[in-house]
>>> print(open('model_37.pdb').read())   # PDB, C-alpha atoms
ATOM      1  CA  MET A  72     -18.091  -1.048  31.431
ATOM      2  CA  VAL A  73     -17.816  -0.212  27.720
ATOM      3  CA  GLU A  74     -20.842  -1.143  25.651
ATOM      4  CA  LYS A  75     -20.001  -3.692  22.985
ATOM      5  CA  LYS A  76     -19.924  -2.081  19.565
ATOM      6  CA  LYS A  77     -21.713  -3.824  16.722
ATOM      7  CA  LEU A  78     -19.618  -4.754  13.713
ATOM      8  CA  ASP A  79     -20.007  -1.946  11.189
ATOM      9  CA  TRP A  80     -20.082  -3.700   7.828
ATOM     10  CA  ARG A  81     -20.359  -0.322   6.073
ATOM     11  CA  ASN A  82     -16.612   0.032   6.599
ATOM     12  CA  LEU A  83     -16.120  -2.662   3.938
ATOM     13  CA  ALA A  84     -17.901  -0.525   1.337
ATOM     14  CA  VAL A  85     -16.253   2.690   2.544
ATOM     15  CA  GLY A  86     -12.769   1.158   2.396
ATOM     16  CA  ALA A  87     -13.334  -0.304  -1.066
ATOM     17  CA  GLY A  88     -14.761   2.935  -2.439
ATOM     18  CA  ILE A  89     -12.022   5.180  -1.052
ATOM     19  CA  GLN A  90      -9.193   2.975  -2.263
ATOM     20  CA  VAL A  91     -10.640   2.576  -5.766
ATOM     21  CA  PHE A  92     -10.868   6.384  -5.925
ATOM     22  CA  GLU A  93      -7.253   6.676  -4.693
ATOM     23  CA  VAL A  94      -5.798   4.238  -7.219
ATOM     24  CA  SER A  95      -7.838   5.635 -10.124
ATOM     25  CA  THR A  96      -6.552   9.178  -9.593
ATOM     26  CA  LEU A  97      -2.948   9.755  -8.461
ATOM     27  CA  GLY A  98      -2.345   6.395  -6.820
ATOM     28  CA  GLN A  99      -1.647   4.289  -9.918
ATOM     29  CA  PRO A 100       0.811   6.752 -11.556
ATOM     30  CA  PHE A 101       2.844   6.820  -8.330
ATOM     31  CA  GLU A 102       2.625   3.017  -8.159
ATOM     32  CA  VAL A 103       3.762   2.517 -11.767
ATOM     33  CA  ILE A 104       6.757   4.855 -11.376
ATOM     34  CA  LYS A 105       7.696   3.346  -7.996
ATOM     35  CA  THR A 106       7.478  -0.226  -9.287
ATOM     36  CA  HIS A 107       9.413   0.624 -12.457
ATOM     37  CA  MET A 108      12.240   2.192 -10.451
ATOM     38  CA  ALA A 109      12.345  -0.669  -7.949
ATOM     39  CA  ALA A 110      12.559  -3.227 -10.776
ATOM     40  CA  ASN A 111      15.044  -1.171 -12.842
ATOM     41  CA  ARG A 112      17.313   0.166 -10.149
ATOM     42  CA  LYS A 113      19.805   1.871 -12.483
ATOM     43  CA  GLU A 114      17.195   4.323 -13.744
ATOM     44  CA  SER A 115      16.602   7.713 -12.115
ATOM     45  CA  LEU A 116      13.189   9.210 -11.420
ATOM     46  CA  SER A 117      13.294  11.429 -14.525
ATOM     47  CA  SER A 118      14.487   8.638 -16.840
ATOM     48  CA  SER A 119      11.821   6.285 -15.451
ATOM     49  CA  VAL A 120       9.096   8.829 -16.182
ATOM     50  CA  ARG A 121      10.486   9.316 -19.719
ATOM     51  CA  THR A 122      10.666   5.559 -20.324
ATOM     52  CA  ILE A 123       7.068   4.997 -19.224
ATOM     53  CA  TYR A 124       5.804   7.953 -21.274
ATOM     54  CA  THR A 125       7.816   7.017 -24.396
ATOM     55  CA  LYS A 126       6.487   3.467 -24.423
ATOM     56  CA  ASN A 127       2.802   4.110 -23.748
ATOM     57  CA  GLY A 128       2.144   7.842 -23.462
ATOM     58  CA  ILE A 129       0.025   9.197 -20.609
ATOM     59  CA  SER A 130      -1.942   5.942 -20.403
ATOM     60  CA  GLY A 131       1.273   4.155 -19.420
ATOM     61  CA  PHE A 132       1.053   5.738 -15.966
ATOM     62  CA  TRP A 133      -2.230   3.913 -15.405
ATOM     63  CA  ARG A 134      -0.955   0.567 -16.732
ATOM     64  CA  GLY A 135      -2.424  -2.309 -14.771
ATOM     65  CA  LEU A 136      -5.297  -0.201 -13.414
ATOM     66  CA  ILE A 137      -7.995  -2.357 -14.998
ATOM     67  CA  PRO A 138      -8.611  -4.963 -13.808
ATOM     68  CA  TRP A 139      -5.730  -5.746 -11.414
ATOM     69  CA  ALA A 140      -5.362  -2.462  -9.521
ATOM     70  CA  TRP A 141      -9.152  -2.124  -9.203
ATOM     71  CA  ILE A 142      -9.455  -5.701  -7.939
ATOM     72  CA  GLU A 143      -6.600  -5.169  -5.490
ATOM     73  CA  ALA A 144      -7.817  -1.746  -4.332
ATOM     74  CA  SER A 145     -11.464  -2.694  -3.766
ATOM     75  CA  THR A 146     -10.670  -5.868  -1.836
ATOM     76  CA  LYS A 147      -7.675  -4.668   0.184
ATOM     77  CA  GLY A 148      -9.330  -1.321   0.954
ATOM     78  CA  ALA A 149     -12.400  -3.076   2.317
ATOM     79  CA  ILE A 150     -10.361  -5.492   4.457
ATOM     80  CA  LEU A 151      -8.021  -2.774   5.747
ATOM     81  CA  LEU A 152     -10.623  -0.254   6.876
ATOM     82  CA  PHE A 153     -12.925  -2.880   8.380
ATOM     83  CA  THR A 154     -10.192  -4.795  10.240
ATOM     84  CA  SER A 155      -8.149  -1.808  11.428
ATOM     85  CA  SER A 156     -11.290   0.004  12.649
ATOM     86  CA  GLU A 157     -12.466  -2.984  14.671
ATOM     87  CA  VAL A 158      -9.027  -3.735  16.153
ATOM     88  CA  GLU A 159      -8.326  -0.083  16.968
ATOM     89  CA  TYR A 160     -11.737   0.347  18.654
ATOM     90  CA  ARG A 161     -11.310  -2.738  20.827
ATOM     91  CA  ALA A 162      -7.703  -1.897  21.689
ATOM     92  CA  VAL A 163      -8.700   1.599  22.872
ATOM     93  CA  ASN A 164     -11.488   0.121  24.977
ATOM     94  CA  ALA A 165      -8.998  -2.339  26.474
ATOM     95  CA  GLY A 166      -6.988   0.647  27.711
ATOM     96  CA  LEU A 167      -4.030   0.380  25.328
ATOM     97  CA  GLY A 168      -3.990   4.071  24.379
ATOM     98  CA  LYS A 169      -4.943   5.685  21.070
ATOM     99  CA  SER A 170      -1.444   5.755  19.564
ATOM    100  CA  PHE A 171      -0.614   2.115  20.299
ATOM    101  CA  SER A 172      -4.131   1.086  19.255
ATOM    102  CA  GLY A 173      -3.582   2.823  15.929
ATOM    103  CA  ILE A 174      -0.308   0.943  15.384
ATOM    104  CA  LEU A 175      -1.951  -2.385  16.319
ATOM    105  CA  GLY A 176      -4.996  -1.742  14.127
ATOM    106  CA  GLY A 177      -2.796  -0.845  11.165
ATOM    107  CA  MET A 178      -0.553  -3.889  11.592
ATOM    108  CA  VAL A 179      -3.439  -6.370  11.868
ATOM    109  CA  GLY A 180      -5.310  -4.696   9.003
ATOM    110  CA  GLY A 181      -2.204  -4.740   6.805
ATOM    111  CA  VAL A 182      -1.465  -8.420   7.371
ATOM    112  CA  ALA A 183      -5.136  -9.331   6.898
ATOM    113  CA  GLN A 184      -5.337  -7.582   3.530
ATOM    114  CA  ALA A 185      -2.042  -9.122   2.359
ATOM    115  CA  TYR A 186      -2.981 -12.743   2.993
ATOM    116  CA  THR A 187      -6.668 -12.527   2.088
ATOM    117  CA  THR A 188      -6.681 -10.391  -1.045
ATOM    118  CA  MET A 189      -3.308  -9.055  -2.179
ATOM    119  CA  GLY A 190      -1.180 -12.083  -3.101
ATOM    120  CA  PHE A 191      -2.630 -12.726  -6.549
ATOM    121  CA  SER A 192      -3.715  -9.206  -7.504
ATOM    122  CA  THR A 193      -0.475  -7.513  -6.386
ATOM    123  CA  PHE A 194       1.540 -10.127  -8.266
ATOM    124  CA  MET A 195      -0.495  -9.604 -11.449
ATOM    125  CA  LYS A 196      -0.234  -5.828 -11.168
ATOM    126  CA  THR A 197       3.551  -6.078 -10.842
ATOM    127  CA  VAL A 198       3.679  -8.450 -13.833
ATOM    128  CA  GLU A 199       1.722  -5.915 -15.888
ATOM    129  CA  VAL A 200       4.134  -3.090 -15.028
ATOM    130  CA  THR A 201       7.377  -5.080 -15.432
ATOM    131  CA  ARG A 202       6.650  -7.534 -18.275
ATOM    132  CA  HIS A 203       7.482  -4.978 -20.975
ATOM    133  CA  ARG A 204      11.124  -5.012 -19.888
ATOM    134  CA  ALA A 205      11.384  -8.737 -20.461
ATOM    135  CA  THR A 206      13.401  -9.923 -23.470
ATOM    136  CA  GLY A 207      11.982 -12.074 -26.252
ATOM    137  CA  PRO A 208       8.402 -12.239 -27.575
ATOM    138  CA  GLN A 209       5.916 -10.193 -25.573
ATOM    139  CA  GLN A 210       3.247 -12.165 -23.707
ATOM    140  CA  SER A 211       0.016 -10.835 -22.287
ATOM    141  CA  THR A 212      -0.425 -10.653 -18.520
ATOM    142  CA  TYR A 213      -2.987 -13.458 -18.719
ATOM    143  CA  ALA A 214      -0.589 -15.677 -20.719
ATOM    144  CA  ILE A 215       2.181 -15.098 -18.172
ATOM    145  CA  ALA A 216      -0.203 -15.897 -15.316
ATOM    146  CA  TYR A 217      -1.382 -19.104 -17.017
ATOM    147  CA  ASP A 218       2.194 -20.171 -17.716
ATOM    148  CA  ILE A 219       3.237 -19.578 -14.095
ATOM    149  CA  LEU A 220       0.121 -21.396 -12.848
ATOM    150  CA  LYS A 221       0.994 -24.454 -14.979
ATOM    151  CA  ARG A 222       4.654 -24.484 -13.883
ATOM    152  CA  GLU A 223       4.404 -23.482 -10.233
ATOM    153  CA  GLY A 224       0.748 -23.774  -9.260
ATOM    154  CA  ILE A 225      -1.030 -21.424  -6.843
ATOM    155  CA  LYS A 226       2.226 -20.904  -4.950
ATOM    156  CA  GLY A 227       3.782 -19.348  -8.051
ATOM    157  CA  ILE A 228       0.896 -16.926  -8.517
ATOM    158  CA  ASN A 229       1.243 -15.875  -4.888
ATOM    159  CA  LYS A 230       5.012 -15.456  -5.176
ATOM    160  CA  GLY A 231       6.251 -12.734  -2.870
ATOM    161  CA  VAL A 232       3.135 -12.775  -0.667
ATOM    162  CA  ASN A 233       5.234 -13.023   2.515
ATOM    163  CA  ALA A 234       7.141  -9.913   1.448
ATOM    164  CA  VAL A 235       3.797  -8.238   0.712
ATOM    165  CA  ALA A 236       2.564  -9.180   4.204
ATOM    166  CA  LEU A 237       5.710  -7.840   5.844
ATOM    167  CA  ARG A 238       5.406  -4.640   3.819
ATOM    168  CA  GLN A 239       1.724  -4.185   4.681
ATOM    169  CA  LEU A 240       2.316  -4.914   8.375
ATOM    170  CA  THR A 241       4.973  -2.201   8.558
ATOM    171  CA  ASN A 242       3.148   0.077   6.085
ATOM    172  CA  TRP A 243      -0.134   0.393   7.900
ATOM    173  CA  GLY A 244       1.263  -0.048  11.389
ATOM    174  CA  SER A 245       3.441   2.982  10.606
ATOM    175  CA  ARG A 246       0.905   5.018   8.621
ATOM    176  CA  LEU A 247      -1.967   4.661  11.039
ATOM    177  CA  GLY A 248       0.245   4.611  14.134
ATOM    178  CA  ILE A 249       2.295   7.701  13.195
ATOM    179  CA  ALA A 250      -0.877   9.523  12.154
ATOM    180  CA  ARG A 251      -2.440   8.807  15.582
ATOM    181  CA  ILE A 252       0.775   9.806  17.394
ATOM    182  CA  THR A 253       0.817  13.058  15.396
ATOM    183  CA  GLU A 254      -2.828  13.713  16.300
ATOM    184  CA  SER A 255      -2.032  13.184  19.997
ATOM    185  CA  THR A 256       1.016  15.453  19.718
ATOM    186  CA  ILE A 257      -1.069  18.219  18.140
ATOM    187  CA  LEU A 258      -3.550  17.983  21.017
ATOM    188  CA  GLU A 259      -0.758  18.096  23.606
ATOM    189  CA  LEU A 260       0.695  21.237  22.021
ATOM    190  CA  ARG A 261      -2.596  23.077  22.477
ATOM    191  CA  PRO A 262      -3.343  25.252  25.508
ATOM    192  CA  VAL A 263      -4.696  23.105  28.362
ATOM    193  CA  ASP A 264      -8.252  24.424  27.981
ATOM    194  CA  GLN A 265      -8.288  23.530  24.260
ATOM    195  CA  ARG A 266      -7.140  19.914  24.502
ATOM    196  CA  ASN A 267     -10.586  18.375  24.809
ATOM    197  CA  LYS A 268     -11.755  19.923  21.553
ATOM    198  CA  LYS A 269     -11.791  17.798  18.413
ATOM    199  CA  LEU A 270      -9.004  18.132  15.878
ATOM    200  CA  THR A 271      -9.750  20.477  13.003
ATOM    201  CA  THR A 272      -9.887  19.239   9.415
ATOM    202  CA  GLY A 273      -6.496  20.811   8.742
ATOM    203  CA  GLU A 274      -4.919  19.168  11.803
ATOM    204  CA  ARG A 275      -6.208  15.729  10.829
ATOM    205  CA  LEU A 276      -4.945  16.263   7.289
ATOM    206  CA  ILE A 277      -1.474  17.189   8.571
ATOM    207  CA  ALA A 278      -1.408  14.063  10.766
ATOM    208  CA  SER A 279      -2.199  11.849   7.749
ATOM    209  CA  ILE A 280       0.487  13.533   5.626
ATOM    210  CA  VAL A 281       3.106  13.027   8.354
ATOM    211  CA  GLY A 282       2.033   9.404   8.820
ATOM    212  CA  GLY A 283       2.236   8.687   5.103
ATOM    213  CA  ALA A 284       5.642  10.305   4.584
ATOM    214  CA  LEU A 285       7.390   8.777   7.613
ATOM    215  CA  ALA A 286       5.968   5.315   6.895
ATOM    216  CA  CYS A 287       8.319   4.976   3.910
ATOM    217  CA  TRP A 288      11.203   3.927   6.170
ATOM    218  CA  ASN A 289      10.447   0.358   5.008
ATOM    219  CA  GLN A 290      11.302   0.977   1.339
ATOM    220  CA  PRO A 291      13.852  -1.911   1.314
ATOM    221  CA  ILE A 292      10.972  -4.349   1.913
ATOM    222  CA  GLU A 293       9.097  -2.887  -1.055
ATOM    223  CA  VAL A 294      12.140  -3.175  -3.365
ATOM    224  CA  ILE A 295      12.553  -6.834  -2.323
ATOM    225  CA  ARG A 296       8.851  -7.474  -2.958
ATOM    226  CA  VAL A 297       8.993  -5.946  -6.455
ATOM    227  CA  GLU A 298      12.120  -7.933  -7.360
ATOM    228  CA  MET A 299      10.501 -11.183  -6.218
ATOM    229  CA  GLN A 300       7.462 -10.550  -8.416
ATOM    230  CA  SER A 301       9.222  -8.856 -11.343
ATOM    231  CA  GLN A 302       9.217 -10.376 -14.839
ATOM    232  CA  VAL A 303      12.517  -8.705 -15.774
ATOM    233  CA  LYS A 304      14.987 -11.425 -16.769
ATOM    234  CA  ASP A 305      18.312 -11.228 -14.936
ATOM    235  CA  PRO A 306      20.922 -14.038 -14.944
ATOM    236  CA  ASN A 307      22.010 -12.884 -11.487
ATOM    237  CA  ARG A 308      18.628 -13.674  -9.955
ATOM    238  CA  PRO A 309      18.657 -16.726  -7.645
ATOM    239  CA  ALA A 310      16.660 -19.762  -8.751
ATOM    240  CA  LYS A 311      14.606 -19.676  -5.554
ATOM    241  CA  MET A 312      13.537 -16.133  -4.724
ATOM    242  CA  THR A 313      13.167 -15.875  -0.961
ATOM    243  CA  ILE A 314      13.233 -12.598   0.966
ATOM    244  CA  ALA A 315      16.794 -13.317   2.145
ATOM    245  CA  SER A 316      18.197 -14.413  -1.241
ATOM    246  CA  THR A 317      16.545 -11.497  -3.030
ATOM    247  CA  ALA A 318      17.956  -9.000  -0.514
ATOM    248  CA  LYS A 319      21.430 -10.509  -0.979
ATOM    249  CA  MET A 320      21.145 -10.179  -4.764
ATOM    250  CA  ILE A 321      20.023  -6.542  -4.593
ATOM    251  CA  TYR A 322      22.866  -5.635  -2.246
ATOM    252  CA  LYS A 323      25.406  -7.406  -4.427
ATOM    253  CA  SER A 324      24.296  -5.673  -7.627
ATOM    254  CA  ASN A 325      23.306  -2.214  -6.351
ATOM    255  CA  GLY A 326      24.611  -1.813  -2.800
ATOM    256  CA  LEU A 327      22.568  -0.136  -0.064
ATOM    257  CA  ARG A 328      21.272   2.489  -2.496
ATOM    258  CA  GLY A 329      19.496  -0.248  -4.420
ATOM    259  CA  PHE A 330      17.101  -0.767  -1.513
ATOM    260  CA  TYR A 331      15.908   2.829  -1.773
ATOM    261  CA  ARG A 332      15.239   3.030  -5.510
ATOM    262  CA  GLY A 333      11.756   4.425  -6.080
ATOM    263  CA  VAL A 334      11.462   5.949  -2.606
ATOM    264  CA  THR A 335      10.527   9.423  -3.950
ATOM    265  CA  PRO A 336       7.389   8.357  -5.859
ATOM    266  CA  ARG A 337       6.583   5.993  -2.981
ATOM    267  CA  ILE A 338       6.533   8.914  -0.539
ATOM    268  CA  GLY A 339       4.058  10.643  -2.862
ATOM    269  CA  LEU A 340       1.986   7.467  -3.070
ATOM    270  CA  SER A 341       2.114   6.850   0.679
ATOM    271  CA  VAL A 342       1.097  10.401   1.572
ATOM    272  CA  TYR A 343      -1.805  10.364  -0.911
ATOM    273  CA  LEU A 344      -2.924   6.885   0.171
ATOM    274  CA  THR A 345      -2.773   7.758   3.880
ATOM    275  CA  VAL A 346      -4.712  10.980   3.336
ATOM    276  CA  CYS A 347      -7.386   8.994   1.484
ATOM    277  CA  MET A 348      -7.600   6.020   3.859
ATOM    278  CA  VAL A 349      -6.924   7.627   7.263
ATOM    279  CA  PHE A 350      -8.188  11.203   6.860
ATOM    280  CA  GLY A 351     -10.852  10.226   4.317
ATOM    281  CA  GLY A 352     -11.820   7.049   6.151
ATOM    282  CA  ASP A 353     -12.149   8.856   9.496
ATOM    283  CA  THR A 354     -14.243  11.580   7.847
ATOM    284  CA  VAL A 355     -16.684   9.141   6.237
ATOM    285  CA  LYS A 356     -16.930   6.993   9.388
ATOM    286  CA  GLN A 357     -17.663  10.106  11.450
ATOM    287  CA  TYR A 358     -20.374  11.097   8.970
ATOM    288  CA  PHE A 359     -22.106   7.738   9.400
ATOM    289  CA  ALA A 360     -21.708   7.951  13.191
ATOM    290  CA  ASN A 361     -23.404  11.381  13.185
ATOM    291  CA  GLN A 362     -26.193  10.063  10.957
ATOM    292  CA  ASP A 363     -26.816   7.152  13.330
ATOM    293  CA  LYS A 364     -27.293   9.576  16.233
ATOM    294  CA  LYS A 365     -30.096  11.433  14.452
TER     295      LYS A 365
END
>>> encode(input="model_37.pdb", output="structure tokens")
Amino acid sequence: MVEKKKLDWRNLAVGAGIQVFEVSTLGQPFEVIKTHMAANRKESLSSSVRTIYTKNGISGFWRGLIPWAWIEASTKGAILLFTSSEVEYRAVNAGLGKSFSGILGGMVGGVAQAYTTMGFSTFMKTVEVTRHRATGPQQSTYAIAYDILKREGIKGINKGVNAVALRQLTNWGSRLGIARITESTILELRPVDQRNKKLTTGERLIASIVGGALACWNQPIEVIRVEMQSQVKDPNRPAKMTIASTAKMIYKSNGLRGFYRGVTPRIGLSVYLTVCMVFGGDTVKQYFANQDKK
């Protein structure tokens, strides 16, 4: 019988710390470029970078970092690492296998972070990145938020949260699941007498990179999410932005290619984020586990 594991509340602090580090370094530039391209689907990667730099210089690549990206990162990082760790641990102990447990842990963690912390902060971060393309007098992010709150209430502020949840479910189910599958594959490729040895740092890093890159198959969901939350004015946008109506609009105006705008910076973001949260998270959790044994 497996001994019941105590809830490790340190994972909340570890998750928050790692994700704030990720977004403050390379994460936010990738996010800004990705969001810009998804909202302005006729622009290429190079023209998007030039547009962002021309408008705001280097600081433009960190637009929305404070406070929205920090709020989002600290809360969603804490929820993700805590929830996915607990679900993955219990799934393994229930005999579901490490790979499937990783997928399940990632999916539950992704949905949990979407509905508990990401609706408002992700919306505000997207507003901050896209509002400068809106026509007419420029409003601050706070003014836009207040206006939406008056017109549409809390539901308006959380616009696109279902798309965020669907994205996070597939994001972290894929990232964590593919990373665990890659780890298992690496072990299976070893000589039989070496398979019980722990993965090296380099092998774990490779698994996280593979997980992050291959998880970007769901880019269409991300483009739909950005369009639903974007402040770019477009007469072709439907009055009621649901996932289905937004997808129909994107296909009508940009075809299938429109669903993959911004995929290149997103691969960079996903790889970096997965390395931080999976490789980094595993490393820090293992450190604490070793300290507890002393």
>>> atom_distance(input="model_37.pdb", atom1="atom CA of Thr253 of chain A", atom2="atom CA of Arg161 of chain A")
20.6 Å
>>> resolve_selection(input="model_37.pdb", expression="the PyMOL selection byres ((chain A and resi 219-224) around 12)", output="PDB file with C-alpha atoms, keeping the file's coordinate frame")
ATOM      1  CA  PHE A 191      -2.630 -12.726  -6.549  1.00  0.00           C
ATOM      2  CA  PHE A 194       1.540 -10.127  -8.266  1.00  0.00           C
ATOM      3  CA  MET A 195      -0.495  -9.604 -11.449  1.00  0.00           C
ATOM      4  CA  VAL A 198       3.679  -8.450 -13.833  1.00  0.00           C
ATOM      5  CA  THR A 212      -0.425 -10.653 -18.520  1.00  0.00           C
ATOM      6  CA  TYR A 213      -2.987 -13.458 -18.719  1.00  0.00           C
ATOM      7  CA  ALA A 214      -0.589 -15.677 -20.719  1.00  0.00           C
ATOM      8  CA  ILE A 215       2.181 -15.098 -18.172  1.00  0.00           C
ATOM      9  CA  ALA A 216      -0.203 -15.897 -15.316  1.00  0.00           C
ATOM     10  CA  TYR A 217      -1.382 -19.104 -17.017  1.00  0.00           C
ATOM     11  CA  ASP A 218       2.194 -20.171 -17.716  1.00  0.00           C
ATOM     12  CA  ILE A 225      -1.030 -21.424  -6.843  1.00  0.00           C
ATOM     13  CA  LYS A 226       2.226 -20.904  -4.950  1.00  0.00           C
ATOM     14  CA  GLY A 227       3.782 -19.348  -8.051  1.00  0.00           C
ATOM     15  CA  ILE A 228       0.896 -16.926  -8.517  1.00  0.00           C
ATOM     16  CA  ASN A 229       1.243 -15.875  -4.888  1.00  0.00           C
ATOM     17  CA  LYS A 230       5.012 -15.456  -5.176  1.00  0.00           C
ATOM     18  CA  GLN A 300       7.462 -10.550  -8.416  1.00  0.00           C
ATOM     19  CA  GLN A 302       9.217 -10.376 -14.839  1.00  0.00           C
ATOM     20  CA  LYS A 311      14.606 -19.676  -5.554  1.00  0.00           C
TER      21      LYS A 311
END
>>> axis_aligned_box(input="model_37.pdb", around="segment 252-257 of chain A", padding_each_side="8 Å", output="JSON")
{"center_x": -0.9, "center_y": 14.0, "center_z": 17.7, "size_x": 19.8, "size_y": 24.4, "size_z": 20.6}
>>> resolve_selection(input="model_37.pdb", expression="the PyMOL selection byres ((chain A and resi 122) around 12)", output="VMD selection string")
chain A and resid 103 to 104 107 to 108 111 114 to 121 123 to 129 131 to 132 203 to 204
>>> atom_distance(input="model_37.pdb", atom1="atom CA of Tyr331 of chain A", atom2="atom CA of Pro100 of chain A")
18.4 Å
>>> resolve_selection(input="model_37.pdb", expression="the PyMOL selection byres ((chain A and resi 139) around 8)", output="list in words")
Gly135, Leu136, Ile137, Pro138, Ala140, Trp141, Ile142, Glu143, Ser192, Thr193, Met195 and Lys196 of chain A
>>> atom_distance(input="model_37.pdb", atom1="atom CA of Thr335 of chain A", atom2="atom CA of Leu152 of chain A")
25.7 Å
>>> closest_residue(input="model_37.pdb", among="A:Gly176, A:Arg134, A:Gln357, A:Phe330", to="Ala162 of chain A", atoms="all atoms listed in the file")
A:Gly176
>>> residues_around(input="model_37.pdb", residues="Ser245 of chain A", least_positions_apart="2", cutoff="7 Å", atoms="all atoms listed in the file", output="list in words")
Ile174, Thr241, Asn242, Trp243, Leu247, Gly248, Ile249, Gly282 and Ala286 of chain A
>>> residues_near_point(input="model_37.pdb", point="(-15.0, 8.5, 13.4)", cutoff="12 Å", atoms="all atoms listed in the file", output="ChimeraX atom specification")
/A:79,82,152,156-157,159-160,269-270,275,349-363
>>> residues_around(input="model_37.pdb", residues="segment 296-299 of chain A", least_positions_apart="5", cutoff="8 Å", atoms="only C-alpha atoms", output="list in words")
Thr106, Ala109, Ala110, Thr197, Lys230, Gly231, Ala234, Val235, Met312, Thr313, Ile314 and Thr317 of chain A
>>> residues_near_point(input="model_37.pdb", point="(20.4, -9.1, -11.3)", cutoff="7 Å", atoms="all atoms listed in the file", output="list in words")
Asp305, Pro306, Asn307, Arg308, Met320 and Ser324 of chain A
>>> write_last_selection(input="model_37.pdb", atoms="C-alpha atoms", output="PDB file, in the frame of the given file")
ATOM      1  CA  ASP A 305      18.312 -11.228 -14.936  1.00  0.00           C
ATOM      2  CA  PRO A 306      20.922 -14.038 -14.944  1.00  0.00           C
ATOM      3  CA  ASN A 307      22.010 -12.884 -11.487  1.00  0.00           C
ATOM      4  CA  ARG A 308      18.628 -13.674  -9.955  1.00  0.00           C
ATOM      5  CA  MET A 320      21.145 -10.179  -4.764  1.00  0.00           C
ATOM      6  CA  SER A 324      24.296  -5.673  -7.627  1.00  0.00           C
TER       7      SER A 324
END
>>> closest_residue(input="model_37.pdb", among="A:Val281, A:Ala236, A:Ile292, A:Ala185", to="Thr256 of chain A", atoms="all atoms listed in the file")
A:Val281
>>> closest_residue(input="model_37.pdb", among="A:Asn325, A:Thr154, A:Thr146, A:Ser255", to="Arg112 of chain A", atoms="only C-alpha atoms")
A:Asn325
>>> closest_residue(input="model_37.pdb", among="A:Gly168, A:Gly329, A:Gly148, A:Gly177", to="Ala250 of chain A", atoms="all atoms listed in the file")
A:Gly177
>>> closest_residue(input="model_37.pdb", among="A:Leu240, A:Leu175, A:Lys105, A:Leu151", to="Arg332 of chain A", atoms="all atoms listed in the file")
A:Lys105
>>> closest_residue(input="model_37.pdb", among="A:Ala84, A:Ala284, A:Gly326, A:Trp133", to="Thr96 of chain A", atoms="all atoms listed in the file")
A:Trp133
>>> decode(input="model_37.pdb", residues="segment 231-242 of chain A", atoms="N, CA and C atoms", output="PDB file, in the first residue's frame")
ATOM      1  N   GLY A 231     -13.561  35.319 -23.173  1.00  0.00           N
ATOM      2  CA  GLY A 231     -12.549  34.422 -23.735  1.00  0.00           C
ATOM      3  C   GLY A 231     -12.003  33.408 -22.748  1.00  0.00           C
ATOM      4  N   VAL A 232     -12.555  33.358 -21.512  1.00  0.00           N
ATOM      5  CA  VAL A 232     -11.992  32.467 -20.505  1.00  0.00           C
ATOM      6  C   VAL A 232     -12.172  30.995 -20.890  1.00  0.00           C
ATOM      7  N   ASN A 233     -13.262  30.673 -21.607  1.00  0.00           N
ATOM      8  CA  ASN A 233     -13.442  29.281 -22.035  1.00  0.00           C
ATOM      9  C   ASN A 233     -12.379  28.883 -23.057  1.00  0.00           C
ATOM     10  N   ALA A 234     -12.031  29.833 -23.940  1.00  0.00           N
ATOM     11  CA  ALA A 234     -10.954  29.573 -24.893  1.00  0.00           C
ATOM     12  C   ALA A 234      -9.621  29.443 -24.172  1.00  0.00           C
ATOM     13  N   VAL A 235      -9.431  30.253 -23.126  1.00  0.00           N
ATOM     14  CA  VAL A 235      -8.211  30.153 -22.312  1.00  0.00           C
ATOM     15  C   VAL A 235      -8.143  28.776 -21.661  1.00  0.00           C
ATOM     16  N   ALA A 236      -9.281  28.314 -21.103  1.00  0.00           N
ATOM     17  CA  ALA A 236      -9.313  27.008 -20.442  1.00  0.00           C
ATOM     18  C   ALA A 236      -9.006  25.874 -21.422  1.00  0.00           C
ATOM     19  N   LEU A 237      -9.594  25.962 -22.610  1.00  0.00           N
ATOM     20  CA  LEU A 237      -9.341  24.942 -23.622  1.00  0.00           C
ATOM     21  C   LEU A 237      -7.871  24.958 -24.038  1.00  0.00           C
ATOM     22  N   ARG A 238      -7.324  26.166 -24.180  1.00  0.00           N
ATOM     23  CA  ARG A 238      -5.905  26.285 -24.529  1.00  0.00           C
ATOM     24  C   ARG A 238      -5.023  25.697 -23.439  1.00  0.00           C
ATOM     25  N   GLN A 239      -5.308  26.049 -22.176  1.00  0.00           N
ATOM     26  CA  GLN A 239      -4.473  25.574 -21.071  1.00  0.00           C
ATOM     27  C   GLN A 239      -4.596  24.071 -20.875  1.00  0.00           C
ATOM     28  N   LEU A 240      -5.796  23.524 -21.067  1.00  0.00           N
ATOM     29  CA  LEU A 240      -5.987  22.077 -20.970  1.00  0.00           C
ATOM     30  C   LEU A 240      -5.087  21.352 -21.980  1.00  0.00           C
ATOM     31  N   THR A 241      -5.137  21.821 -23.229  1.00  0.00           N
ATOM     32  CA  THR A 241      -4.324  21.183 -24.270  1.00  0.00           C
ATOM     33  C   THR A 241      -2.851  21.568 -24.141  1.00  0.00           C
ATOM     34  N   ASN A 242      -2.582  22.806 -23.708  1.00  0.00           N
ATOM     35  CA  ASN A 242      -1.191  23.246 -23.516  1.00  0.00           C
ATOM     36  C   ASN A 242      -0.444  22.335 -22.558  1.00  0.00           C
TER      37      ASN A 242
END
